[in-house]
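Take a look at the structure below.
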Amino acid sequence: MREDASLYWLINQTFPEKCSGIPENEPSICEEEFKKLQLGNKFYVTRLLQIKKVTDEDMHHNFTCMLQADERTRTKIVKLKKGNTRDLPVHIFTTGMVLAVLFPCVAVAVMLVCVMFRVDLVLFYRNICRRDDTVGDGKEYDAFVSYLKDCVSPTGEEREFALKILPMILEENFGYKLCIFERDVSPGGESKMMLKENVSEYQLKLIKKVMLTLCWILALFVRGAEVTEINLPGCSHVEPQIWYRAISDEEFVLQCALPDKDATHIYNNSFLKHDVKWFWHQKDRQPLKAITESSNPALQGDALWFKPVRDSASGVYICMIWEKIPCLKIVLEVQTKKAAKCSGYDTNTLYLLAGNGNSITCPGTKCYNHIKKPDVKWYKDGHQIKHGKSRQSLKLRHNEIYLNPTYDKDAGIYVCDYTLYDNTIKWTMRTAVTVKVIAKNTIHPPNFLYPNGVVILEAELGKPLELECRVQFGFERVSPMRVTWKRNNKENINEKLNQKTSVHSKGLKGHILLHVAKLKEVTERDLRSNFTCFAENLVGNATAVIQLKRKQRVYLLYILCSATSTLFALLLCTAFIYQHWIEIVLMYRSYLVHNETTGDGKEFDAFVSYAKLDSSESDSTLISEEKFALELLPDMLENKYGYKLCILERDILPGGAYTDEVVTAIKQSRRAIIILSPAYVSGPSIFELQAAVNCALEDKKIKLVLIKFQAFQEPETLPAVVKKALRILPVVTWKSSISAAPNKKFWKYMHYYMPVKTTKMLGNCSLKGFFQRLFSLVYR
């Protein structure tokens, strides 16, 4: 196609509007921009017509696609028609519904059970590994117990819990050693305030009841576009190049190939169906119709097969092959045997006896006796038959094929062509004959391959059973082959069973029949019966017997297999939960849609504390830390997850006292994110961590999240409460080389420790989104 080609659409002879000038929310028809693609020395052009919403009025429009290239214009007209909704078969719909309900329910149930019993699974794993974290740590006690003393507590419940219940469970049952001040510390010593451990408060509140309603509606809508009034401008002035005549109600083949006297084949199956286009019309004034895939005529390679050809198939056929044949017109005239003056017309199906001498006569030579006929060209399975040294037994004489002897491979479709002139038109008369090679009828009765004689078969009571009978039959042209099962007992010798037969052809050697009788469940009566397979042909009959024997159940094997499968599934599920527990918790939180921030009076979701960059410092690490706090952290937590951070330099107006502003900002936040580094623990910013710890002790809604940005050593001058916080609070480690990507574990832990709320990322709680995230978790 030339580079200056143009392509555009018309709607009832009017140009549509451009899509760029129409608002997106306005339903209309618009034309998209012209697109051109060059591959080598060829150009491909595309222009789409966009129908935003199909209406009944659009069904009456003519959509014309017009191409102008090479000083010619080509058009295609497309009309819309309403598609019919096709119901799915009942068994497919039922199976789909059952699977659609069971699979999500089982998957969700397993996931929820694993999440609910996550603590039990972790304890079970720790018990199996038997790893002791206390060896060599220099600690005397496993835990220090702090509680309200009698002088403060109005009741003695806390004292009883701390001094009796807690030691009884942790020391006697689990073997831990507790340090209780009144019991284990000698009086007169100095007591120190200790920080209460709140790690358990960071865990997710588990769900108790979940109701999941699932409704899938399956429908298949098919909308078709019907092309009418096909115009082929390149073919309008092309004259017919080939004329064929055919006899009605016979097999006929039409090839899309230019006339060639040296052609050696009449069809080629190597072509793909979409590479060859066929059109036809009966008369010149009738509209051109496209030939689509159907049973008659059938598209096969570059040929059109008529099985058979009818009188109504007469007309002009046009074919085109991509980059080979732009337009070829073929005239086909179908006549009846009477109109063609046929006498003694041979049958189009011929049976030849293998091993004997036979001849094949062209059926078309029996027609048009008043016209002189030249030699006949023969084709077998599409290829021309010629004299050759490879097949001395095949000879062509007087328009006939002589085979002496005849082989099994001689079977096939033979097509014969000859030329005749009628009214100065050169016609090619084409007829076909189907050759089947047969053998002599067998002289043997049926032969049993299985069972042979009497066979004893083990069967289990109450279970279904299939009785197979394989019988070999010799070749018979017309054979009343019959195989059936019978129950041979005194009550009913000819009882009918549920039976099914399949036939496997062995060519000239005959057939093998597989006959199966199905028992829905084996009963005591079946164990006492003889099942007889009876086979019969024209020569005689034969029988074989199957007797059933009780089969002992192997319970141990069933139990072992079931236990092994259950254990494997449990281990697999446990490993998956252990590996991806944080993703599962986040996924559960996203679909629980429980907002714990509602009505708590907090303004910010988290207060960010980091080491400030002094003007006299030039360490690139501090600059990287400040960039993390001011750019990367807000970009992920605010822009992606929808949280609101409090950054002192950004969100607090200057003018107040620094200490008061820090304390006020922490109290207005639900979390305190502390970015730890050597500069942070040894600089003035450590005050913000100390203030956050004190605020968390006063307000249980405030929780601390420590980010280990760089490795550091704790200075000896750190306050005791800060040292305790660094040891017991959860720490998320930042790895500069891998943690920056949004899908890394670092950001998932940050999301986990942030408050549960309906954020931007969690707003869409559809079932489709749930399974997309679940499958991405499994197959990543």
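Naming works like this for the structure tokens: A, B, ... for the chains as they're shown, residue 1 at the start of each chain, ligands 1 onward in shown order.
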
Checklist entry - Residues of range 509-750 of chain A in alpha helix (DSSP H) according to DSSP, as a ChimeraX atom specification? => result /A:524-527,555-579,581-592,620-627,633-634,648-651,658-667,678-681,686-698,720-728,745-750

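Counting only C-alpha atoms, Asp651 in chain A has the following residues at most 10 Å away, ignoring those fewer than 5 positions along the same chain: Leu645, Cys646 and Ala665 of chain A.
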
Same residues, C-alpha atoms, output as a PDB file, in the first residue's frame:
ATOM      1  CA  LEU A 645       2.033  11.888  58.875  1.00  0.00           C
ATOM      2  CA  CYS A 646       3.211  14.630  61.209  1.00  0.00           C
ATOM      3  CA  ALA A 665       2.515  16.480  68.128  1.00  0.00           C
TER       4      ALA A 665
END

Next on the checklist: Can you pull out the residues contacting Val331 in chain A? Cut-off 9 Å, using only C-alpha atoms, and skip same-chain residues under 4 positions away; I want them as JSON, numbers by chain.
Outcome noted: {"A": [240, 241, 242, 243, 244, 245, 314, 315, 316, 317, 318]}

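Running DSSP on the backbone and keeping only strand (DSSP E), the residues of range 486-534 of chain A that qualify are Lys486, Arg487, Asn488, Asn498, Gln499, Lys500, Thr501, Ser502, Val503, His504, Ser505, His511, Ile512, Leu513, Leu514, His515, Val516, Ala517, Lys518, Leu519, Asn530, Phe531, Thr532, Cys533 and Phe534 of chain A.
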
Checklist outcome for this item: In terms of only C-alpha atoms, the residue from A:Val731, A:Arg482, A:Ala69, A:Tyr753 at minimal distance from Ala606 in chain A is A:Tyr753

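Each of A:Val415, A:Met754, A:Ala544, A:Ala563 was checked against Asn595 in chain A using only C-alpha atoms; the smallest atom-to-atom distance is that of A:Met754.
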
Item to check | Selection: 12 Å around Phe161 in chain A, only C-alpha atoms, excl. self and same-chain fewer than 4 positions, as a PyMOL selection string | outcome: chain A and resi 145-149+155-157+165-170+180

Next on the checklist: Quick one: residues within 10 Å of range 371-381 of chain A, only C-alpha atoms, excluding same-chain residues fewer than 2 positions away - as a ChimeraX atom specification?
Outcome noted: /A:264-268,362,364-365,367-369,383-386,396-401,410-422,429-430,432-435

Checklist entry - Do you know which residues are at most 10 Å from Ala711 in chain A counting only C-alpha atoms, after dropping those on the same chain fewer than 2 positions away, and could you put them as a ChimeraX atom specification? => result /A:676-678,708-709,713,733-734

If you keep N, CA and C atoms, can you produce a file of those selected residues as a compact mmCIF listing (two decimals), in the first residue's frame?
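Output (again.txt):
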# COMPACT_ATOMS: atom_id res chain seq x y z
N LEU A 676 16.10 5.33 63.57
CA LEU A 676 17.30 5.20 64.38
C LEU A 676 18.55 5.17 63.51
N SER A 677 19.57 5.87 63.96
CA SER A 677 20.87 5.91 63.29
C SER A 677 21.91 6.35 64.31
N PRO A 678 23.18 6.24 64.03
CA PRO A 678 24.19 6.73 64.97
C PRO A 678 24.01 8.19 65.33
N LYS A 708 15.29 0.80 62.09
CA LYS A 708 16.75 0.77 62.18
C LYS A 708 17.32 1.14 60.83
N PHE A 709 17.60 2.45 60.68
CA PHE A 709 18.06 2.96 59.39
C PHE A 709 19.52 2.60 59.15
N GLN A 713 25.54 1.86 68.02
CA GLN A 713 25.80 1.38 69.37
C GLN A 713 25.13 2.32 70.37
N THR A 733 13.95 -3.14 60.04
CA THR A 733 15.29 -2.82 59.53
C THR A 733 15.21 -2.34 58.10
N TRP A 734 15.86 -1.21 57.84
CA TRP A 734 15.94 -0.64 56.49
C TRP A 734 17.22 -1.11 55.83

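Of the residues listed (A:Phe534, A:Tyr176, A:Trp280, A:Tyr591), A:Phe534 shows the shortest atom-to-atom separation from Met481 in chain A; distances use only C-alpha atoms.
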
Next on the checklist: Using only C-alpha atoms, which protein or nucleic acid residues come within 10 Å of Val722 in chain A? Drop anything in the same chain fewer than 4 positions from it, and give the result as a list in words.
Outcome noted: Leu195, Val681, Ile686, Phe687, Leu689, Gln690, Ala691, Ala692, Val693, Asn694, Glu714, Leu718, Leu726 and Arg727 of chain A
